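Asks: I'd like to ask some things about the structure below.
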Amino acid sequence: MSGLFAAAFLRKIGWEVDVYERSGVELVGRGAGITTHPELLDALVASGAGLDDLGVTVDKRIAIDRKGRVIAEKHLPQILTSWDRLQRLLRNTIDESRYHLGHDFECVDQDGSGVTVRFANGTTARADILIGGDGVRSSVRAQVAPEVQPIYAGYYIWRGAPNESALSQKALDSIFPYFTFFLPERQQIIGYPIAGFDNDLRPGKRRYNFIWYRVGDAATLKSMCVDQNGHQHEYSVPPPLIRKDLIDALRDEAKTELPPALFDVLQAIERPFFTPIYDFASPHMTYGRVALIGDAASTARPHMGFGVAKAGDDARALADALRDHDDIDAALAHYDTTRRDVSERIVLHGRKLGTHLGVNLRTDDDRRMWKQLQDYRAMMDWIAVPNFLEQR
Ligand SMILES: Cc1cc2nc3c(=O)[nH]c(=O)nc-3n(C[C@H](O)[C@H](O)[C@H](O)COP(=O)(O)OP(=O)(O)OC[C@H]3O[C@@H](n4cnc5c(N)ncnc54)[C@H](O)[C@@H]3O)c2cc1C
């Protein structure tokens, strides 16, 4: 997302931009849901990607108890979109000849006037600047700032997005139309509707985004990262290789832990998969003629649902700086100082909201926040809400 945003914003100020993607085939997002924010909508419009058929609008949030009874409601209209939809809108802004699949970044050489980038397929590219928008495990960052490493939050999520048509009537009636919270101790289950396959927004054709936060220390995560062939992965396991015994155990726990409608949702997910939660903020956004954006520059825990909005804002700030400075190095320095603080604030806010799960509560502030968030109404007021950067 950040790479596509950067290309779109830079093209608007007259730059020639090429996007290099590691994957050899067009990307698909496994149905991941994305909450939207005013900043994301602004960035989509300003970049030229637009808002066509962006997603499903929900009008309210509900919290339910273990029996499925609604224990709180909050009126909060919000558009819920999907990774696939955003990727398609942004992808349409790029000229085909400027988008290069199958280019795995290998290394960059810098001299005073630009960069030479080499890819694993043997090709090279010369440019004024390199923008590393290659995600939380960025190989660009690994070269320019190898000391910057994502930190495991001490929890992970199980997730999936079953088709609306596969859900029970109980789930369709009681939770599907809403942004739903179920908040047992040290867990969070969140669900909301998103577009269906091929961005189908018609009733009956949509999907339901399901997320179940679970606490697990580094040793637990390591054992979960052994795949069904016995191979140990470092950070997470590709969904088709997740061990069956882990999924069976999850389904067993769900029988006793989840309200009936959410249990039905989990049952409708053929292959739930897990994502460990990491965060970090790089101390710099630029390293010579290399700029970092999006998750490569800083990754927050997903409690605000703000990652793509941040990716868009990073890209826009970089393009604005290049537009407003005659000198490229001065522009990059400006981008570094202006976006670094915002990145840090977003990461810290994610940690604050993460205290709900009761992991590593180190300071009095952490414990105060943890206590405040044990009230499900506070969670509904804070999780993935618009304009959170204005909250104190
Ligand atoms: C559970 C979860 C829920 C989330 N929910 C939300 C939400 O509701 N709203 C929201 O806004 N955000 C959400 N996010 C965050 C959001 O997904 C990310 O912030 C966003 O995808 C970051 O975009 P990016 O382009 O910086 O990185 P990525 O999306 O990771 O993209 C990086 C790209 O770089 C490519 N790449 C990687 N290495 C190389 C290489 N060596 N050479 C070439 N290409 C390479 C990858 O293939 C990929 O296409 C969530 C994240 C998680 C984990």
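Ordering of the structure tokens sets the chain letters (A, B, ...); residue numbers start at 1 within each chain; ligands are numbered from 1 in the order shown.
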Ligand 1: which residues are within 6 Å, counting only C-alpha atoms and all ligand atoms, as a list in words?

Replies: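 These are the residues that qualify: Met1, Ser2, Gly3, Tyr20, Glu21, Arg22, Ser23, Gly33, Ile34, Thr35, His103, Asp104, Phe105, Gly133, Asp134, Gly135, Val136, Ser138, Ser139, Gly294, Asp295, Ala296, Pro302, Gly305, Phe306, Gly307, Val308, Ala309 and Ala311 of chain A.
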
Asks: Could you give me the residues within range 45-113 of chain A that DSSP places in strand (DSSP E or B), as a compact mmCIF listing (two decimals) with N, CA and C atoms, in the first residue's frame?

Replies:
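Below is the file result04.txt, written as the result:
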```txt
# COMPACT_ATOMS: atom_id res chain seq x y z
N VAL A 56 -18.16 -1.46 3.29
CA VAL A 56 -19.46 -1.61 3.94
C VAL A 56 -19.54 -0.57 5.06
N THR A 57 -20.64 0.15 5.14
CA THR A 57 -20.78 1.12 6.23
C THR A 57 -21.56 0.48 7.37
N VAL A 58 -21.01 0.54 8.57
CA VAL A 58 -21.78 0.12 9.75
C VAL A 58 -22.16 1.38 10.53
N ASP A 59 -23.29 1.33 11.20
CA ASP A 59 -23.75 2.51 11.93
C ASP A 59 -23.44 2.47 13.40
N LYS A 60 -23.26 1.25 13.93
CA LYS A 60 -23.03 1.22 15.37
C LYS A 60 -22.11 0.10 15.80
N ARG A 61 -21.61 0.28 17.00
CA ARG A 61 -20.78 -0.73 17.66
C ARG A 61 -21.62 -1.38 18.75
N ILE A 62 -21.42 -2.68 18.94
CA ILE A 62 -22.08 -3.32 20.07
C ILE A 62 -21.05 -4.14 20.85
N ALA A 63 -21.29 -4.27 22.15
CA ALA A 63 -20.51 -5.21 22.96
C ALA A 63 -21.47 -6.28 23.43
N ILE A 64 -21.03 -7.54 23.37
CA ILE A 64 -21.90 -8.64 23.80
C ILE A 64 -21.25 -9.42 24.94
N VAL A 70 -26.58 -8.22 24.16
CA VAL A 70 -25.94 -6.92 23.93
C VAL A 70 -25.88 -6.18 25.27
N ILE A 71 -24.64 -5.82 25.67
CA ILE A 71 -24.49 -5.15 26.96
C ILE A 71 -24.14 -3.66 26.79
N ALA A 72 -23.82 -3.26 25.55
CA ALA A 72 -23.58 -1.82 25.30
C ALA A 72 -23.69 -1.56 23.81
N GLU A 73 -24.06 -0.33 23.49
CA GLU A 73 -24.15 0.08 22.08
C GLU A 73 -23.55 1.46 21.95
N LYS A 74 -22.99 1.75 20.80
CA LYS A 74 -22.45 3.10 20.56
C LYS A 74 -22.69 3.44 19.09
N HIS A 75 -23.31 4.57 18.86
CA HIS A 75 -23.55 5.01 17.48
C HIS A 75 -22.24 5.54 16.91
N LEU A 76 -21.70 4.89 15.90
CA LEU A 76 -20.45 5.35 15.30
C LEU A 76 -20.38 4.85 13.85
N PRO A 77 -20.86 5.65 12.91
CA PRO A 77 -20.79 5.23 11.50
C PRO A 77 -19.33 5.14 11.05
N GLN A 78 -19.01 4.07 10.35
CA GLN A 78 -17.62 3.87 9.90
C GLN A 78 -17.64 2.99 8.66
N ILE A 79 -16.76 3.32 7.69
CA ILE A 79 -16.67 2.46 6.51
C ILE A 79 -15.60 1.41 6.77
N LEU A 80 -15.97 0.15 6.53
CA LEU A 80 -15.03 -0.95 6.72
C LEU A 80 -14.71 -1.51 5.35
N THR A 81 -13.44 -1.48 5.02
CA THR A 81 -13.06 -1.92 3.69
C THR A 81 -12.18 -3.17 3.80
N SER A 82 -11.53 -3.51 2.73
CA SER A 82 -10.68 -4.70 2.76
C SER A 82 -9.36 -4.38 2.09
N TYR A 99 4.98 -0.86 -13.06
CA TYR A 99 4.77 -1.78 -11.92
C TYR A 99 5.45 -3.10 -12.26
N HIS A 100 6.44 -3.48 -11.45
CA HIS A 100 7.29 -4.61 -11.82
C HIS A 100 7.18 -5.74 -10.79
N PHE A 105 13.97 -6.97 -3.71
CA PHE A 105 15.08 -6.05 -3.39
C PHE A 105 16.22 -6.83 -2.75
N GLU A 106 17.44 -6.58 -3.24
CA GLU A 106 18.60 -7.25 -2.65
C GLU A 106 19.51 -6.24 -1.93
N CYS A 107 19.89 -5.16 -2.63
CA CYS A 107 20.74 -4.17 -1.97
C CYS A 107 20.71 -2.84 -2.72
N VAL A 108 21.17 -1.81 -1.99
CA VAL A 108 21.21 -0.47 -2.59
C VAL A 108 22.60 0.12 -2.37
N ASP A 109 23.14 0.74 -3.40
CA ASP A 109 24.39 1.51 -3.28
C ASP A 109 24.03 2.97 -3.43
N GLN A 110 24.61 3.81 -2.56
CA GLN A 110 24.31 5.24 -2.64
C GLN A 110 25.57 6.01 -3.00
N ASP A 111 25.42 7.04 -3.84
CA ASP A 111 26.49 8.02 -3.99
C ASP A 111 25.83 9.38 -3.77
```

Asks: Would you mind listing what lies within 7 Å of Leu90 in chain A as a ChimeraX atom specification, with only C-alpha atoms counted and same-chain residues fewer than 2 positions away left out?

Replies: /A:4-5,49,86-88,92-93

Asks: Keeping all heavy atoms for every residue in the selection just given, could you write it to a file as a compact mmCIF listing (two decimals), in the first residue's frame?

Replies:
```txt
# COMPACT_ATOMS: atom_id res chain seq x y z
N LEU A 4 2.53 1.94 -3.39
CA LEU A 4 1.57 2.42 -4.39
C LEU A 4 1.16 3.87 -4.10
O LEU A 4 1.05 4.70 -5.01
CB LEU A 4 0.35 1.51 -4.44
CG LEU A 4 0.62 0.08 -4.94
CD1 LEU A 4 -0.60 -0.80 -4.73
CD2 LEU A 4 1.01 0.08 -6.41
N PHE A 5 0.94 4.16 -2.81
CA PHE A 5 0.62 5.54 -2.43
C PHE A 5 1.75 6.49 -2.84
O PHE A 5 1.53 7.57 -3.37
CB PHE A 5 0.42 5.65 -0.91
CG PHE A 5 -1.01 5.61 -0.45
CD1 PHE A 5 -1.42 4.72 0.54
CD2 PHE A 5 -1.95 6.49 -0.98
CE1 PHE A 5 -2.74 4.69 0.98
CE2 PHE A 5 -3.27 6.48 -0.53
CZ PHE A 5 -3.66 5.57 0.45
N ALA A 49 -6.61 7.72 -6.21
CA ALA A 49 -7.14 6.35 -6.16
C ALA A 49 -8.67 6.38 -6.05
O ALA A 49 -9.36 5.52 -6.60
CB ALA A 49 -6.54 5.59 -4.98
N LEU A 86 -8.54 -1.82 -1.28
CA LEU A 86 -7.59 -0.70 -1.27
C LEU A 86 -6.46 -0.94 -2.26
O LEU A 86 -6.04 -0.05 -3.00
CB LEU A 86 -7.01 -0.53 0.14
CG LEU A 86 -7.99 -0.02 1.19
CD1 LEU A 86 -7.33 0.01 2.56
CD2 LEU A 86 -8.47 1.39 0.82
N GLN A 87 -6.00 -2.19 -2.29
CA GLN A 87 -4.88 -2.50 -3.19
C GLN A 87 -5.31 -2.27 -4.64
O GLN A 87 -4.57 -1.72 -5.44
CB GLN A 87 -4.43 -3.94 -2.96
CG GLN A 87 -2.97 -4.20 -3.30
CD GLN A 87 -2.77 -4.73 -4.71
OE1 GLN A 87 -3.73 -5.01 -5.41
NE2 GLN A 87 -1.52 -4.86 -5.11
N ARG A 88 -6.53 -2.67 -4.97
CA ARG A 88 -7.02 -2.53 -6.35
C ARG A 88 -7.14 -1.05 -6.73
O ARG A 88 -6.71 -0.62 -7.78
CB ARG A 88 -8.36 -3.28 -6.46
CG ARG A 88 -9.06 -3.33 -7.76
CD ARG A 88 -8.23 -3.59 -9.00
NE ARG A 88 -7.26 -4.68 -8.95
CZ ARG A 88 -6.26 -4.83 -9.84
NH1 ARG A 88 -6.12 -3.98 -10.83
NH2 ARG A 88 -5.41 -5.82 -9.73
N ASN A 92 -4.71 0.67 -9.58
CA ASN A 92 -5.24 1.28 -10.81
C ASN A 92 -4.61 2.64 -11.11
O ASN A 92 -4.74 3.14 -12.22
CB ASN A 92 -6.76 1.47 -10.70
CG ASN A 92 -7.49 0.15 -10.80
OD1 ASN A 92 -6.91 -0.85 -11.22
ND2 ASN A 92 -8.75 0.13 -10.40
N THR A 93 -3.93 3.24 -10.13
CA THR A 93 -3.33 4.56 -10.38
C THR A 93 -1.97 4.41 -11.09
O THR A 93 -1.39 5.41 -11.52
CB THR A 93 -3.09 5.36 -9.07
OG1 THR A 93 -2.12 4.66 -8.27
CG2 THR A 93 -4.37 5.54 -8.28
```

Asks: Work out how far apart CA of Val290 in chain A and CA of Val144 in chain A are and give it in Å to one decimal.

Replies: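 Computed distance, CA of Val290 in chain A to CA of Val144 in chain A, equals 8.0 Å.
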
Asks: Quick one: of A:Gly230, A:Pro239, A:Gly216, A:Gly68, who's nearest to Asn360 in chain A, counting only C-alpha atoms?

Replies: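 Ranking A:Gly230, A:Pro239, A:Gly216, A:Gly68 by distance to Asn360 in chain A, first place goes to A:Gly216.
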
Asks: Name the residues in contact with Val45 in chain A at a cut-off of 12 Å, using only C-alpha atoms, excluding same-chain residues fewer than 6 positions from it; report them as a JSON list (two decimals) with N, CA, C and O atoms, in the first residue's frame.

Replies:
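Everything below was put into result-v8.json:
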```json
[["chain", "number", "residue", "atom", "x", "y", "z"],
["A", 5, "PHE", "N", 0.94, 4.16, -2.81],
["A", 5, "PHE", "CA", 0.62, 5.54, -2.43],
["A", 5, "PHE", "C", 1.75, 6.49, -2.84],
["A", 5, "PHE", "O", 1.53, 7.57, -3.37],
["A", 8, "ALA", "N", 1.81, 7.16, -6.51],
["A", 8, "ALA", "CA", 0.70, 8.02, -6.94],
["A", 8, "ALA", "C", 0.97, 9.48, -6.57],
["A", 8, "ALA", "O", 0.80, 10.38, -7.40],
["A", 9, "PHE", "N", 1.40, 9.71, -5.32],
["A", 9, "PHE", "CA", 1.63, 11.10, -4.89],
["A", 9, "PHE", "C", 2.81, 11.73, -5.63],
["A", 9, "PHE", "O", 2.78, 12.90, -5.99],
["A", 38, "PRO", "N", -10.66, 9.16, 8.57],
["A", 38, "PRO", "CA", -10.72, 10.33, 7.68],
["A", 38, "PRO", "C", -9.40, 10.54, 6.93],
["A", 38, "PRO", "O", -9.39, 10.89, 5.76],
["A", 39, "GLU", "N", -8.26, 10.27, 7.62],
["A", 39, "GLU", "CA", -6.96, 10.48, 6.98],
["A", 39, "GLU", "C", -6.79, 9.55, 5.77],
["A", 39, "GLU", "O", -6.22, 9.93, 4.76],
["A", 51, "LEU", "N", -12.57, 6.68, -4.07],
["A", 51, "LEU", "CA", -13.29, 5.95, -3.00],
["A", 51, "LEU", "C", -14.36, 5.02, -3.56],
["A", 51, "LEU", "O", -15.23, 4.57, -2.81],
["A", 52, "ASP", "N", -14.27, 4.69, -4.85],
["A", 52, "ASP", "CA", -15.35, 3.90, -5.47],
["A", 52, "ASP", "C", -15.60, 2.59, -4.75],
["A", 52, "ASP", "O", -14.67, 1.80, -4.53],
["A", 54, "LEU", "N", -15.94, 1.63, -1.82],
["A", 54, "LEU", "CA", -14.86, 1.40, -0.85],
["A", 54, "LEU", "C", -15.15, 0.28, 0.13],
["A", 54, "LEU", "O", -14.27, -0.49, 0.49],
["A", 86, "LEU", "N", -8.54, -1.82, -1.28],
["A", 86, "LEU", "CA", -7.59, -0.70, -1.27],
["A", 86, "LEU", "C", -6.46, -0.94, -2.26],
["A", 86, "LEU", "O", -6.04, -0.05, -3.00],
["A", 89, "LEU", "N", -7.74, -0.24, -5.81],
["A", 89, "LEU", "CA", -7.90, 1.18, -6.10],
["A", 89, "LEU", "C", -6.54, 1.85, -6.34],
["A", 89, "LEU", "O", -6.37, 2.64, -7.27],
["A", 90, "LEU", "N", -5.57, 1.50, -5.49],
["A", 90, "LEU", "CA", -4.25, 2.13, -5.63],
["A", 90, "LEU", "C", -3.50, 1.58, -6.83],
["A", 90, "LEU", "O", -2.82, 2.32, -7.55],
["A", 93, "THR", "N", -3.93, 3.24, -10.13],
["A", 93, "THR", "CA", -3.33, 4.56, -10.38],
["A", 93, "THR", "C", -1.97, 4.41, -11.09],
["A", 93, "THR", "O", -1.39, 5.41, -11.52],
["A", 312, "GLY", "N", -0.43, 6.07, 3.77],
["A", 312, "GLY", "CA", -0.83, 7.14, 2.85],
["A", 312, "GLY", "C", -0.28, 8.49, 3.28],
["A", 312, "GLY", "O", 0.22, 9.26, 2.46],
["A", 316, "ARG", "N", 2.37, 10.87, 1.32],
["A", 316, "ARG", "CA", 1.97, 12.24, 0.98],
["A", 316, "ARG", "C", 2.96, 13.25, 1.55],
["A", 316, "ARG", "O", 3.35, 14.22, 0.87]]
```

Asks: Write out as a list in words the residues lying within 9 Å of Asp53 in chain A, counting only C-alpha atoms and excluding same-chain residues fewer than 6 positions away.

Replies: Arg85, Asn199, Asp200 and Leu201 of chain A

Asks: Using only C-alpha atoms, can you tell me which of A:Ile131, A:Val237, A:Ala300, A:Val28 comes closest to Lys352 in chain A?

Replies: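 Of all the options, A:Ala300 lies closest to Lys352 in chain A.
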
Asks: List every residue of range 126-198 of chain A that DSSP, applied to the backbone, labels as helix (DSSP H, G or I), and write the result as a list of chain:residue names.

Replies: A:Ser139, A:Val140, A:Arg141, A:Ala142, A:Gln143, A:Val144, A:Glu164, A:Ser165, A:Ala166, A:Gln169, A:Lys170, A:Ala171, A:Leu172, A:Asp173, A:Ser174, A:Phe197, A:Asp198

Asks: Pull the closest atom pair for each residue of range 297-377 of chain A that gets at most 10 Å from range 146-169 of chain A, along with the distance in Å to one decimal, counting only C-alpha atoms, ordering rows by chain and then ascending residue number, as a Markdown table.

Replies:
```
| residue | atom | partner | partner_atom | distance |
| --- | --- | --- | --- | --- |
| A:Ala297 | CA | A:Val148 | CA | 9.6 |
| A:Ser298 | CA | A:Pro150 | CA | 8.7 |
| A:Thr299 | CA | A:Pro150 | CA | 7.9 |
| A:Ala300 | CA | A:Pro150 | CA | 9.8 |
| A:Arg301 | CA | A:Ala153 | CA | 8.0 |
| A:Arg351 | CA | A:Ala153 | CA | 8.4 |
| A:Gly354 | CA | A:Ala153 | CA | 8.3 |
| A:Leu357 | CA | A:Tyr155 | CA | 8.1 |
| A:Gly358 | CA | A:Gly154 | CA | 9.7 |
| A:Val359 | CA | A:Gly154 | CA | 6.4 |
| A:Asn360 | CA | A:Gly154 | CA | 8.0 |
```

Asks: Pick out the residues sitting within 6 Å of range 381-387 of chain A, and hand them over as a ChimeraX atom specification; count only C-alpha atoms, and ignore anything fewer than 6 positions along from it in its own chain.

Replies: /A:37,303-305

Asks: So which one's closest to Gly288 in chain A, A:Asp217, A:Glu234, A:Glu185, A:Asp329? Using only C-alpha atoms, please.

Replies: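 Closest residue, counting only C-alpha atoms: A:Asp329.
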
Asks: Which residues are near Phe263 in chain A? Cut-off 10 Å, only C-alpha atoms, ignore same chain within fewer than 6 positions. Put them as JSON, numbers by chain.

Replies: {"A": [168, 171, 251, 253, 254, 255, 256, 257]}

Asks: For Ala7 in chain A, which residue among A:Arg98, A:Lys67, A:Arg362, A:His284 is the nearest when counting only C-alpha atoms?

Replies: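 The shortest atom-to-atom distance to Ala7 in chain A comes from A:Arg98.
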
Asks: Of the candidates A:His334, A:Arg377, A:Arg137, A:Arg340, which shows the shortest atom-to-atom distance to Tyr278 in chain A, using only C-alpha atoms?

Replies: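 Ranked by minimum distance to Tyr278 in chain A, first place goes to A:Arg137.
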